[in-house]
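*Asks:* Sharing my_file.pdb, PDB, C-alpha atoms:
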```
MODEL        1
ATOM      1  CA  MET A  12     -16.485 -65.780 133.241
ATOM      2  CA  ALA A  13     -13.015 -65.490 134.811
ATOM      3  CA  THR A  14     -11.603 -68.551 136.528
ATOM      4  CA  SER A  15      -9.074 -67.626 139.171
ATOM      5  CA  SER A  16      -6.784 -68.645 141.958
ATOM      6  CA  PRO A  17      -8.541 -68.554 145.368
ATOM      7  CA  HIS A  18      -5.839 -66.145 146.578
ATOM      8  CA  ILE A  19      -6.654 -63.321 144.173
ATOM      9  CA  ASP A  20      -9.232 -60.626 144.844
ATOM     10  CA  VAL A  21     -11.020 -60.750 141.493
ATOM     11  CA  SER A  22     -13.152 -57.772 142.544
ATOM     12  CA  LEU A  23     -10.152 -55.577 141.759
ATOM     13  CA  ILE A  24     -10.683 -56.254 138.069
ATOM     14  CA  ASP A  25     -13.844 -55.662 136.043
ATOM     15  CA  PHE A  26     -13.346 -58.346 133.430
ATOM     16  CA  ASP A  27     -16.346 -57.180 131.389
ATOM     17  CA  VAL A  28     -14.806 -53.725 131.026
ATOM     18  CA  LEU A  29     -11.356 -55.170 130.397
ATOM     19  CA  GLY A  30     -12.726 -57.549 127.775
ATOM     20  CA  ALA A  31     -14.538 -54.738 125.946
ATOM     21  CA  TRP A  32     -11.356 -52.642 126.005
ATOM     22  CA  MET A  33      -9.309 -55.533 124.622
ATOM     23  CA  ASP A  34     -11.891 -56.038 121.877
ATOM     24  CA  VAL A  35     -11.578 -52.391 120.843
ATOM     25  CA  HIS A  36      -7.804 -52.878 120.592
ATOM     26  CA  GLY A  37      -8.225 -55.897 118.351
ATOM     27  CA  LEU A  38      -6.883 -58.419 120.850
ATOM     28  CA  PRO A  39      -8.115 -62.034 120.813
ATOM     29  CA  GLY A  40     -11.531 -62.494 122.426
ATOM     30  CA  GLY A  41     -13.168 -65.168 124.521
ATOM     31  CA  PRO A  42     -13.399 -65.995 128.224
ATOM     32  CA  PHE A  43     -10.695 -65.046 130.714
ATOM     33  CA  GLU A  44      -8.894 -68.195 131.846
ATOM     34  CA  HIS A  45      -6.104 -69.225 134.215
ATOM     35  CA  VAL A  46      -6.311 -65.983 136.207
ATOM     36  CA  GLN A  47      -3.634 -65.887 138.871
ATOM     37  CA  PRO A  48      -1.653 -63.280 140.815
ATOM     38  CA  VAL A  49       1.924 -62.463 139.908
ATOM     39  CA  PRO A  50       3.941 -62.171 143.142
ATOM     40  CA  GLY A  51       6.311 -59.276 143.620
ATOM     41  CA  GLY A  52       7.445 -56.520 145.970
ATOM     42  CA  THR A  53       5.168 -53.853 144.522
ATOM     43  CA  GLN A  54       1.894 -52.524 145.902
ATOM     44  CA  ASN A  55       0.502 -52.415 142.375
ATOM     45  CA  VAL A  56      -1.680 -55.331 141.291
ATOM     46  CA  MET A  57      -0.306 -57.752 138.710
ATOM     47  CA  VAL A  58      -2.462 -60.540 137.345
ATOM     48  CA  ARG A  59      -1.666 -63.155 134.753
ATOM     49  CA  PHE A  60      -4.425 -64.548 132.550
ATOM     50  CA  GLU A  61      -5.147 -66.028 129.148
ATOM     51  CA  ARG A  62      -7.729 -64.923 126.607
ATOM     52  CA  GLY A  63      -8.163 -66.377 123.178
ATOM     53  CA  GLY A  64      -5.241 -68.679 123.881
ATOM     54  CA  VAL A  65      -2.855 -65.732 124.419
ATOM     55  CA  PRO A  66      -1.201 -65.113 127.814
ATOM     56  CA  TYR A  67      -0.999 -61.599 129.303
ATOM     57  CA  VAL A  68       0.033 -59.836 132.489
ATOM     58  CA  LEU A  69      -2.187 -56.970 133.643
ATOM     59  CA  ARG A  70      -0.610 -54.265 135.799
ATOM     60  CA  ARG A  71      -2.899 -51.790 137.546
ATOM     61  CA  PRO A  72      -2.963 -49.708 140.748
ATOM     62  CA  PRO A  73      -4.109 -51.168 144.067
ATOM     63  CA  LEU A  74      -7.749 -50.933 145.112
ATOM     64  CA  HIS A  75      -6.898 -47.961 147.325
ATOM     65  CA  VAL A  76      -4.954 -45.837 144.852
ATOM     66  CA  ARG A  77      -1.925 -44.038 146.254
ATOM     67  CA  ALA A  78      -1.270 -40.395 145.412
ATOM     68  CA  LYS A  79       1.071 -41.162 142.510
ATOM     69  CA  SER A  80      -0.138 -44.639 141.482
ATOM     70  CA  ASN A  81      -1.671 -43.610 138.164
ATOM     71  CA  GLU A  82       1.225 -41.379 137.189
ATOM     72  CA  VAL A  83       3.722 -44.158 137.987
ATOM     73  CA  LEU A  84       1.869 -46.576 135.719
ATOM     74  CA  ARG A  85       1.654 -43.976 132.950
ATOM     75  CA  ARG A  86       5.407 -43.513 133.146
ATOM     76  CA  GLU A  87       6.064 -47.254 133.168
ATOM     77  CA  ALA A  88       3.858 -47.814 130.133
ATOM     78  CA  ARG A  89       5.608 -44.988 128.300
ATOM     79  CA  VAL A  90       9.040 -46.438 129.087
ATOM     80  CA  LEU A  91       8.086 -49.961 127.990
ATOM     81  CA  ALA A  92       6.614 -48.581 124.754
ATOM     82  CA  ALA A  93       9.845 -46.661 124.079
ATOM     83  CA  LEU A  94      12.020 -49.727 124.737
ATOM     84  CA  ARG A  95       9.991 -51.954 122.443
ATOM     85  CA  GLY A  96      12.171 -52.668 119.435
ATOM     86  CA  THR A  97      15.464 -52.020 121.258
ATOM     87  CA  ASP A  98      17.858 -54.704 122.469
ATOM     88  CA  VAL A  99      17.084 -53.880 126.118
ATOM     89  CA  PRO A 100      15.550 -56.930 127.847
ATOM     90  CA  ALA A 101      12.267 -55.554 129.187
ATOM     91  CA  PRO A 102       8.665 -56.773 129.374
ATOM     92  CA  ARG A 103       6.993 -56.272 126.015
ATOM     93  CA  LEU A 104       4.077 -53.845 126.209
ATOM     94  CA  VAL A 105       0.907 -55.034 124.440
ATOM     95  CA  ALA A 106      -1.447 -52.104 125.034
ATOM     96  CA  ALA A 107      -2.113 -49.475 127.694
ATOM     97  CA  GLN A 108      -4.912 -47.257 128.951
ATOM     98  CA  THR A 109      -3.270 -44.077 130.182
ATOM     99  CA  ALA A 110      -5.538 -41.229 129.058
ATOM    100  CA  GLU A 111      -8.312 -42.054 131.526
ATOM    101  CA  GLU A 112      -8.821 -43.937 134.758
ATOM    102  CA  PRO A 113      -8.381 -46.650 135.727
ATOM    103  CA  VAL A 114      -4.841 -46.553 134.367
ATOM    104  CA  PHE A 115      -3.459 -49.983 133.485
ATOM    105  CA  TYR A 116      -1.490 -51.809 130.865
ATOM    106  CA  LEU A 117      -1.064 -55.270 129.423
ATOM    107  CA  MET A 118       2.308 -56.848 128.772
ATOM    108  CA  GLU A 119       3.539 -60.198 127.600
ATOM    109  CA  PRO A 120       4.576 -62.583 130.407
ATOM    110  CA  VAL A 121       8.317 -62.963 130.922
ATOM    111  CA  ASP A 122       9.618 -66.512 130.775
ATOM    112  CA  GLY A 123      12.176 -66.217 133.536
ATOM    113  CA  PHE A 124      12.834 -66.242 137.267
ATOM    114  CA  ASN A 125      13.966 -63.847 139.966
ATOM    115  CA  PRO A 126      17.232 -65.119 141.503
ATOM    116  CA  THR A 127      16.418 -63.666 144.935
ATOM    117  CA  LEU A 128      13.469 -66.082 145.183
ATOM    118  CA  GLY A 129      15.441 -69.221 144.404
ATOM    119  CA  LEU A 130      17.326 -70.851 141.542
ATOM    120  CA  PRO A 131      16.072 -73.485 139.089
ATOM    121  CA  GLU A 132      18.279 -75.961 137.289
ATOM    122  CA  PRO A 133      20.784 -75.697 135.724
ATOM    123  CA  HIS A 134      21.583 -72.511 137.668
ATOM    124  CA  ALA A 135      21.365 -74.138 141.098
ATOM    125  CA  SER A 136      24.031 -76.710 140.257
ATOM    126  CA  ASP A 137      26.405 -74.723 138.071
ATOM    127  CA  PRO A 138      28.576 -72.059 139.763
ATOM    128  CA  ALA A 139      29.831 -70.875 136.357
ATOM    129  CA  ILE A 140      26.277 -69.928 135.361
ATOM    130  CA  ARG A 141      25.780 -68.087 138.646
ATOM    131  CA  GLN A 142      29.027 -66.170 138.136
ATOM    132  CA  ARG A 143      28.033 -65.216 134.598
ATOM    133  CA  MET A 144      24.619 -63.988 135.805
ATOM    134  CA  GLY A 145      26.340 -61.036 137.461
ATOM    135  CA  LEU A 146      28.160 -60.111 134.261
ATOM    136  CA  GLU A 147      24.942 -60.437 132.278
ATOM    137  CA  ALA A 148      23.365 -57.919 134.654
ATOM    138  CA  ALA A 149      26.076 -55.483 133.522
ATOM    139  CA  VAL A 150      25.500 -56.437 129.867
ATOM    140  CA  ALA A 151      21.773 -55.644 130.140
ATOM    141  CA  LEU A 152      22.505 -52.367 131.906
ATOM    142  CA  ALA A 153      24.952 -51.336 129.191
ATOM    143  CA  ALA A 154      22.253 -52.022 126.588
ATOM    144  CA  LEU A 155      19.912 -49.647 128.421
ATOM    145  CA  GLY A 156      22.659 -47.015 128.570
ATOM    146  CA  ARG A 157      23.043 -47.132 124.780
ATOM    147  CA  VAL A 158      19.405 -46.187 124.090
ATOM    148  CA  SER A 159      19.027 -42.538 123.103
ATOM    149  CA  PRO A 160      17.042 -40.518 125.633
ATOM    150  CA  ASP A 161      15.340 -38.896 122.634
ATOM    151  CA  VAL A 162      12.866 -41.804 122.660
ATOM    152  CA  LEU A 163      11.448 -40.258 125.858
ATOM    153  CA  PRO A 164      11.256 -36.506 125.209
ATOM    154  CA  GLY A 165      10.507 -34.414 128.291
ATOM    155  CA  PHE A 166      10.653 -37.446 130.572
ATOM    156  CA  GLY A 167      13.197 -36.129 133.076
ATOM    157  CA  ARG A 168      15.363 -33.119 133.951
ATOM    158  CA  PRO A 169      18.921 -34.084 133.018
ATOM    159  CA  GLY A 170      20.207 -30.527 133.395
ATOM    160  CA  GLY A 171      21.938 -30.283 136.787
ATOM    161  CA  PHE A 172      20.979 -33.875 137.584
ATOM    162  CA  LEU A 173      24.188 -34.781 139.421
ATOM    163  CA  GLU A 174      24.412 -31.471 141.282
ATOM    164  CA  ARG A 175      20.882 -31.982 142.653
ATOM    165  CA  GLN A 176      21.570 -35.373 144.193
ATOM    166  CA  VAL A 177      23.213 -34.474 147.523
ATOM    167  CA  PRO A 178      20.820 -31.612 148.407
ATOM    168  CA  ARG A 179      17.857 -33.733 147.330
ATOM    169  CA  TRP A 180      18.710 -36.660 149.574
ATOM    170  CA  MET A 181      19.967 -34.618 152.501
ATOM    171  CA  GLY A 182      16.618 -32.853 152.370
ATOM    172  CA  GLU A 183      14.868 -36.219 152.403
ATOM    173  CA  LEU A 184      16.867 -37.247 155.458
ATOM    174  CA  GLU A 185      16.023 -34.004 157.241
ATOM    175  CA  SER A 186      12.318 -34.582 156.563
ATOM    176  CA  TYR A 187      12.418 -37.705 158.740
ATOM    177  CA  GLY A 188      12.838 -35.391 161.731
ATOM    178  CA  LYS A 189       9.115 -34.663 161.520
ATOM    179  CA  LEU A 190       8.426 -38.192 162.761
ATOM    180  CA  ASP A 191       7.892 -38.342 166.529
ATOM    181  CA  GLY A 192      10.338 -40.649 168.247
ATOM    182  CA  TYR A 193      13.046 -40.507 165.591
ATOM    183  CA  PRO A 194      16.259 -39.337 167.295
ATOM    184  CA  GLY A 195      17.817 -38.119 164.080
ATOM    185  CA  PRO A 196      20.297 -39.755 161.712
ATOM    186  CA  GLU A 197      22.933 -41.532 163.785
ATOM    187  CA  ILE A 198      25.057 -42.284 160.733
ATOM    188  CA  PRO A 199      28.839 -42.012 161.121
ATOM    189  CA  ARG A 200      30.571 -39.781 158.545
ATOM    190  CA  LEU A 201      27.288 -38.652 157.033
ATOM    191  CA  ARG A 202      28.382 -35.046 156.533
ATOM    192  CA  GLU A 203      31.867 -36.059 155.396
ATOM    193  CA  THR A 204      30.375 -38.341 152.739
ATOM    194  CA  ALA A 205      28.004 -35.628 151.535
ATOM    195  CA  GLY A 206      30.887 -33.149 151.362
ATOM    196  CA  TRP A 207      33.095 -35.557 149.411
ATOM    197  CA  LEU A 208      30.313 -36.164 146.907
ATOM    198  CA  GLU A 209      29.752 -32.442 146.377
ATOM    199  CA  ARG A 210      33.465 -31.719 145.958
ATOM    200  CA  ASN A 211      33.940 -34.556 143.495
ATOM    201  CA  THR A 212      30.773 -34.334 141.401
ATOM    202  CA  PRO A 213      31.659 -35.141 137.763
ATOM    203  CA  ALA A 214      31.702 -31.950 135.723
ATOM    204  CA  THR A 215      29.841 -33.458 132.770
ATOM    205  CA  PHE A 216      27.909 -36.575 131.837
ATOM    206  CA  THR A 217      25.999 -37.922 128.863
ATOM    207  CA  PRO A 218      22.264 -38.080 129.645
ATOM    208  CA  GLY A 219      20.541 -41.402 129.174
ATOM    209  CA  ILE A 220      17.696 -43.583 130.381
ATOM    210  CA  MET A 221      18.105 -44.591 134.026
ATOM    211  CA  HIS A 222      16.228 -47.473 135.600
ATOM    212  CA  GLY A 223      16.650 -45.915 139.044
ATOM    213  CA  ASP A 224      16.661 -49.096 141.152
ATOM    214  CA  TYR A 225      18.948 -51.479 139.309
ATOM    215  CA  HIS A 226      19.842 -54.576 141.311
ATOM    216  CA  LEU A 227      19.352 -58.336 141.090
ATOM    217  CA  ALA A 228      15.897 -58.307 142.724
ATOM    218  CA  ASN A 229      14.635 -56.247 139.761
ATOM    219  CA  LEU A 230      15.954 -58.657 137.154
ATOM    220  CA  MET A 231      14.461 -61.827 135.726
ATOM    221  CA  PHE A 232      16.853 -64.362 134.253
ATOM    222  CA  SER A 233      16.435 -66.911 131.495
ATOM    223  CA  ARG A 234      15.645 -70.455 132.608
ATOM    224  CA  GLU A 235      18.013 -71.715 129.939
ATOM    225  CA  GLY A 236      21.186 -69.914 131.021
ATOM    226  CA  PRO A 237      22.702 -66.827 132.665
ATOM    227  CA  TRP A 238      21.112 -64.184 130.420
ATOM    228  CA  VAL A 239      18.786 -61.452 131.651
ATOM    229  CA  ALA A 240      15.279 -62.151 130.371
ATOM    230  CA  ALA A 241      13.853 -58.823 131.547
ATOM    231  CA  ILE A 242      14.562 -55.762 133.648
ATOM    232  CA  VAL A 243      11.404 -55.136 135.691
ATOM    233  CA  ASP A 244       9.899 -52.500 138.024
ATOM    234  CA  TRP A 245      10.480 -49.316 136.024
ATOM    235  CA  GLU A 246       8.650 -46.953 138.385
ATOM    236  CA  MET A 247      11.856 -45.027 139.276
ATOM    237  CA  CYS A 248      12.918 -44.581 135.651
ATOM    238  CA  THR A 249      14.005 -41.125 134.500
ATOM    239  CA  ILE A 250      16.422 -39.372 132.160
ATOM    240  CA  GLY A 251      19.595 -38.836 134.153
ATOM    241  CA  ASP A 252      23.064 -40.343 134.361
ATOM    242  CA  PRO A 253      22.987 -44.106 133.634
ATOM    243  CA  LEU A 254      26.287 -44.558 135.465
ATOM    244  CA  LEU A 255      24.345 -44.138 138.698
ATOM    245  CA  ASP A 256      22.584 -47.410 137.807
ATOM    246  CA  LEU A 257      26.013 -49.033 137.521
ATOM    247  CA  GLY A 258      26.934 -47.584 140.913
ATOM    248  CA  TRP A 259      23.674 -48.987 142.319
ATOM    249  CA  LEU A 260      24.441 -52.460 140.975
ATOM    250  CA  VAL A 261      27.912 -52.366 142.537
ATOM    251  CA  ALA A 262      26.682 -50.882 145.828
ATOM    252  CA  THR A 263      24.106 -53.657 146.264
ATOM    253  CA  LEU A 264      26.493 -56.429 145.195
ATOM    254  CA  PRO A 265      27.586 -57.466 148.731
ATOM    255  CA  SER A 266      23.981 -58.193 149.713
ATOM    256  CA  ALA A 267      23.423 -60.128 146.491
ATOM    257  CA  ARG A 268      26.563 -62.169 147.110
ATOM    258  CA  GLU A 269      25.118 -63.377 150.413
ATOM    259  CA  GLN A 270      22.702 -65.414 148.278
ATOM    260  CA  LEU A 271      24.949 -65.913 145.255
ATOM    261  CA  PRO A 272      28.574 -65.923 146.445
ATOM    262  CA  GLU A 273      29.824 -66.754 142.953
ATOM    263  CA  LEU A 274      28.811 -63.350 141.606
ATOM    264  CA  PRO A 275      31.788 -61.454 140.158
ATOM    265  CA  ALA A 276      33.763 -58.822 142.041
ATOM    266  CA  PRO A 277      32.855 -55.136 141.558
ATOM    267  CA  GLU A 278      35.874 -54.565 139.330
ATOM    268  CA  GLU A 279      34.697 -57.347 137.001
ATOM    269  CA  LEU A 280      31.216 -55.847 136.710
ATOM    270  CA  ILE A 281      32.658 -52.419 135.968
ATOM    271  CA  ALA A 282      35.087 -53.823 133.388
ATOM    272  CA  CYS A 283      32.287 -55.754 131.682
ATOM    273  CA  TYR A 284      30.150 -52.614 131.467
ATOM    274  CA  ALA A 285      33.091 -50.556 130.212
ATOM    275  CA  GLU A 286      33.695 -52.955 127.308
ATOM    276  CA  LEU A 287      30.138 -52.375 126.082
ATOM    277  CA  SER A 288      29.813 -48.645 126.721
ATOM    278  CA  GLU A 289      31.374 -45.454 125.408
ATOM    279  CA  ARG A 290      30.654 -43.639 128.686
ATOM    280  CA  ASP A 291      33.501 -42.140 130.701
ATOM    281  CA  LEU A 292      34.008 -44.374 133.745
ATOM    282  CA  SER A 293      36.944 -42.451 135.201
ATOM    283  CA  ALA A 294      34.755 -41.299 138.113
ATOM    284  CA  VAL A 295      33.068 -44.652 138.724
ATOM    285  CA  ASP A 296      33.980 -44.518 142.428
ATOM    286  CA  TRP A 297      31.836 -41.402 142.764
ATOM    287  CA  TYR A 298      28.805 -43.221 141.361
ATOM    288  CA  VAL A 299      29.224 -46.121 143.782
ATOM    289  CA  VAL A 300      29.545 -43.747 146.743
ATOM    290  CA  MET A 301      26.492 -41.808 145.578
ATOM    291  CA  ALA A 302      24.511 -45.036 145.300
ATOM    292  CA  CYS A 303      25.509 -46.037 148.853
ATOM    293  CA  PHE A 304      24.613 -42.549 150.087
ATOM    294  CA  LYS A 305      21.202 -42.413 148.391
ATOM    295  CA  LEU A 306      20.172 -45.982 149.194
ATOM    296  CA  GLY A 307      21.272 -45.605 152.797
ATOM    297  CA  ILE A 308      19.095 -42.515 153.205
ATOM    298  CA  VAL A 309      16.121 -44.238 151.560
ATOM    299  CA  LEU A 310      16.399 -47.188 153.958
ATOM    300  CA  GLU A 311      16.829 -44.880 156.943
ATOM    301  CA  GLY A 312      13.322 -43.667 156.198
ATOM    302  CA  THR A 313      11.888 -47.009 157.312
ATOM    303  CA  HIS A 314      13.992 -46.855 160.482
ATOM    304  CA  ALA A 315      12.569 -43.395 161.179
ATOM    305  CA  ARG A 316       9.022 -44.647 160.646
ATOM    306  CA  ALA A 317       9.716 -47.598 162.924
ATOM    307  CA  CYS A 318      10.876 -45.207 165.657
ATOM    308  CA  ALA A 319       7.531 -43.429 165.243
ATOM    309  CA  GLY A 320       5.610 -46.694 165.498
ATOM    310  CA  LYS A 321       4.638 -46.647 161.829
ATOM    311  CA  ALA A 322       6.722 -49.657 160.766
ATOM    312  CA  PRO A 323       7.856 -52.873 162.518
ATOM    313  CA  LYS A 324      10.768 -52.230 164.872
ATOM    314  CA  ASP A 325      12.740 -55.290 163.774
ATOM    315  CA  ILE A 326      12.543 -54.206 160.134
ATOM    316  CA  GLY A 327      13.542 -50.660 161.065
ATOM    317  CA  ASP A 328      16.531 -51.913 163.067
ATOM    318  CA  LEU A 329      17.628 -54.198 160.232
ATOM    319  CA  LEU A 330      17.452 -51.456 157.630
ATOM    320  CA  HIS A 331      19.255 -48.995 159.891
ATOM    321  CA  GLN A 332      22.106 -51.488 160.133
ATOM    322  CA  THR A 333      22.040 -51.801 156.344
ATOM    323  CA  THR A 334      22.329 -48.008 156.126
ATOM    324  CA  LEU A 335      25.386 -48.093 158.405
ATOM    325  CA  ASP A 336      26.885 -50.837 156.236
ATOM    326  CA  LEU A 337      26.272 -48.791 153.089
ATOM    327  CA  PHE A 338      27.965 -45.703 154.531
ATOM    328  CA  ALA A 339      30.908 -47.837 155.649
ATOM    329  CA  ARG A 340      31.054 -49.234 152.109
ATOM    330  CA  ALA A 341      31.062 -45.661 150.787
ATOM    331  CA  GLN A 342      34.103 -44.872 152.920
ATOM    332  CA  THR A 343      35.927 -47.852 151.443
ATOM    333  CA  TRP A 344      35.324 -46.526 147.922
ATOM    334  CA  ILE A 345      36.283 -42.978 148.930
ATOM    335  CA  SER A 346      39.629 -44.195 150.274
ATOM    336  CA  ARG A 347      40.461 -46.252 147.165
TER     337      ARG A 347
ENDMDL
END
```
Could I get this structure in the form of structure tokens?
*Replies:*
Amino acid sequence: MATSSPHIDVSLIDFDVLGAWMDVHGLPGGPFEHVQPVPGGTQNVMVRFERGGVPYVLRRPPLHVRAKSNEVLRREARVLAALRGTDVPAPRLVAAQTAEEPVFYLMEPVDGFNPTLGLPEPHASDPAIRQRMGLEAAVALAALGRVSPDVLPGFGRPGGFLERQVPRWMGELESYGKLDGYPGPEIPRLRETAGWLERNTPATFTPGIMHGDYHLANLMFSREGPWVAAIVDWEMCTIGDPLLDLGWLVATLPSAREQLPELPAPEELIACYAELSERDLSAVDWYVVMACFKLGIVLEGTHARACAGKAPKDIGDLLHQTTLDLFARAQTWISR
């Protein structure tokens, strides 16, 4: 019998089926205990529990499965399996069911915290730890960039990856025009930014594993110090150019510094990454501008939905302003 928090919908999980599956995989048996939800920004369900004295986190799709829910979880499980045994801080996969539905996987709990949700001690009282946390984010990212993409054969399409970015995201922006009430992208210097990116696309890059959404909200830090305990939320992972993850980290830094003003300057993050990577960073400005461009267009999608009455207006307005800020930030990097 599963004992649970009153806030979790236990009906989402058939513990008899899960228990039988765990038994087949040779995992410790016994009753399910200490069942509780794991909070996060994802629509997927995450539940922590213990069985046979061993703690686990279950990740599975929501009750009403979205079109790509199962495929996303299959990809995540494959990535976590590939990273097991590397020095990349990531949740450790225990076992996964990916060949049939429902798709889910078990991972070991991460002993850490998300800095966007608050800081424990000693982090809250020590500005030096908070400053080092930013550099450790670059250290963890460099570790991911050193993993050979051969561990994930056929996982992405690295050929022409950079050349596809501007058309891909301009097409996404144009698709918002199908939403009634959206006046179109009122984004200053949109076309100029797109043109600059296309004219300055790096001619070559070394393919690698990309997280795809690398920023502080997707990192868990050690409770003992500034180190990254785990990179989480791998649903955007692909084989592409890992330097775009570095650009993403730098592009989102100003927002992160609103909560953690001691975080290092962009140049410090880039220098830290460069010391640990053999990648060519001569075009790093391009990657930051591309990150601002892509993220701005993604956020504009919520503004468009808000204009159509499909998202809260205040959230849409806020994210539209964030898009404008990102494009202004892009112009700063273009003029450097």
*Asks:* Nearest to Arg86 of chain A: which of A:Thr215, A:Thr333, A:Thr109, A:Thr204 is it, counting all atoms listed in the file?
*Replies:* A:Thr109
*Asks:* Could you state which residues are captured by the PyMOL selection byres ((chain A and resi 221) around 10) in this file, as a VMD selection string?
*Replies:* chain A and resid 152 155 to 156 160 167 218 to 220 222 to 225 245 247 to 257
*Asks:* Using only C-alpha atoms, which residues sit within 8 Å of Leu146 of chain A once same-chain residues fewer than 3 positions away are excluded, as a list in words?
*Replies:* Gln142, Arg143, Ala149, Val150, Pro275, Glu279, Leu280 and Cys283 of chain A
*Asks:* Padding of 4 Å on every side, edges along x, y and z, all listed atoms of segment 196-204 of chain A included: what centre and edge lengths in Å, to one decimal, does that box have, as AutoDock Vina command-line options?
*Replies:*
```
--center_x 26.1 --center_y -38.7 --center_z 158.3 --size_x 19.6 --size_y 15.2 --size_z 19.0
```
*Asks:* Which residues come within 6 Å of segment 319-326 of chain A, counting all atoms listed in the file, excluding same-chain residues fewer than 5 positions away, as a PyMOL selection string?
*Replies:* chain A and resi 190-192
*Asks:* With N, CA, C and O atoms as the target, complete segment 191-205 of chain A and hand it back as a short mmCIF file (atom, residue, chain, number, x, y, z; two decimals), in the frame of the given file.
*Replies:*
```
data_model
loop_
_atom_site.label_atom_id
_atom_site.label_comp_id
_atom_site.auth_asym_id
_atom_site.auth_seq_id
_atom_site.Cartn_x
_atom_site.Cartn_y
_atom_site.Cartn_z
N ASP A 191 7.71 -38.27 165.08
CA ASP A 191 7.89 -38.34 166.53
C ASP A 191 8.61 -39.62 166.92
O ASP A 191 8.27 -40.70 166.45
N GLY A 192 9.61 -39.49 167.76
CA GLY A 192 10.34 -40.65 168.25
C GLY A 192 11.62 -40.93 167.50
O GLY A 192 12.45 -41.72 167.97
N TYR A 193 11.80 -40.29 166.34
CA TYR A 193 13.05 -40.51 165.59
C TYR A 193 14.13 -39.60 166.16
O TYR A 193 13.97 -38.37 166.17
N PRO A 194 15.24 -40.16 166.63
CA PRO A 194 16.26 -39.34 167.30
C PRO A 194 17.14 -38.55 166.34
O PRO A 194 17.99 -37.77 166.78
N GLY A 195 16.94 -38.76 165.06
CA GLY A 195 17.82 -38.12 164.08
C GLY A 195 18.77 -39.14 163.49
O GLY A 195 18.92 -40.25 164.00
N PRO A 196 19.42 -38.80 162.40
CA PRO A 196 20.30 -39.76 161.71
C PRO A 196 21.61 -40.01 162.45
O PRO A 196 22.50 -39.16 162.44
N GLU A 197 21.69 -41.14 163.11
CA GLU A 197 22.93 -41.53 163.78
C GLU A 197 23.76 -42.36 162.81
O GLU A 197 23.89 -43.57 162.92
N ILE A 198 24.32 -41.65 161.82
CA ILE A 198 25.06 -42.28 160.73
C ILE A 198 26.47 -41.73 160.72
O ILE A 198 26.68 -40.55 160.40
N PRO A 199 27.46 -42.51 161.11
CA PRO A 199 28.84 -42.01 161.12
C PRO A 199 29.27 -41.51 159.75
O PRO A 199 28.97 -42.11 158.72
N ARG A 200 29.96 -40.37 159.74
CA ARG A 200 30.57 -39.78 158.54
C ARG A 200 29.55 -39.37 157.50
O ARG A 200 29.86 -39.28 156.30
N LEU A 201 28.34 -39.11 157.95
CA LEU A 201 27.29 -38.65 157.03
C LEU A 201 27.69 -37.36 156.33
O LEU A 201 27.67 -37.27 155.10
N ARG A 202 28.04 -36.34 157.12
CA ARG A 202 28.38 -35.05 156.53
C ARG A 202 29.64 -35.12 155.69
O ARG A 202 29.76 -34.47 154.65
N GLU A 203 30.63 -35.92 156.16
CA GLU A 203 31.87 -36.06 155.40
C GLU A 203 31.60 -36.69 154.02
O GLU A 203 32.18 -36.28 153.02
N THR A 204 30.71 -37.69 154.01
CA THR A 204 30.38 -38.34 152.74
C THR A 204 29.67 -37.37 151.81
O THR A 204 30.00 -37.29 150.61
N ALA A 205 28.72 -36.62 152.35
CA ALA A 205 28.00 -35.63 151.54
C ALA A 205 28.98 -34.59 150.97
O ALA A 205 28.90 -34.22 149.79
#
```
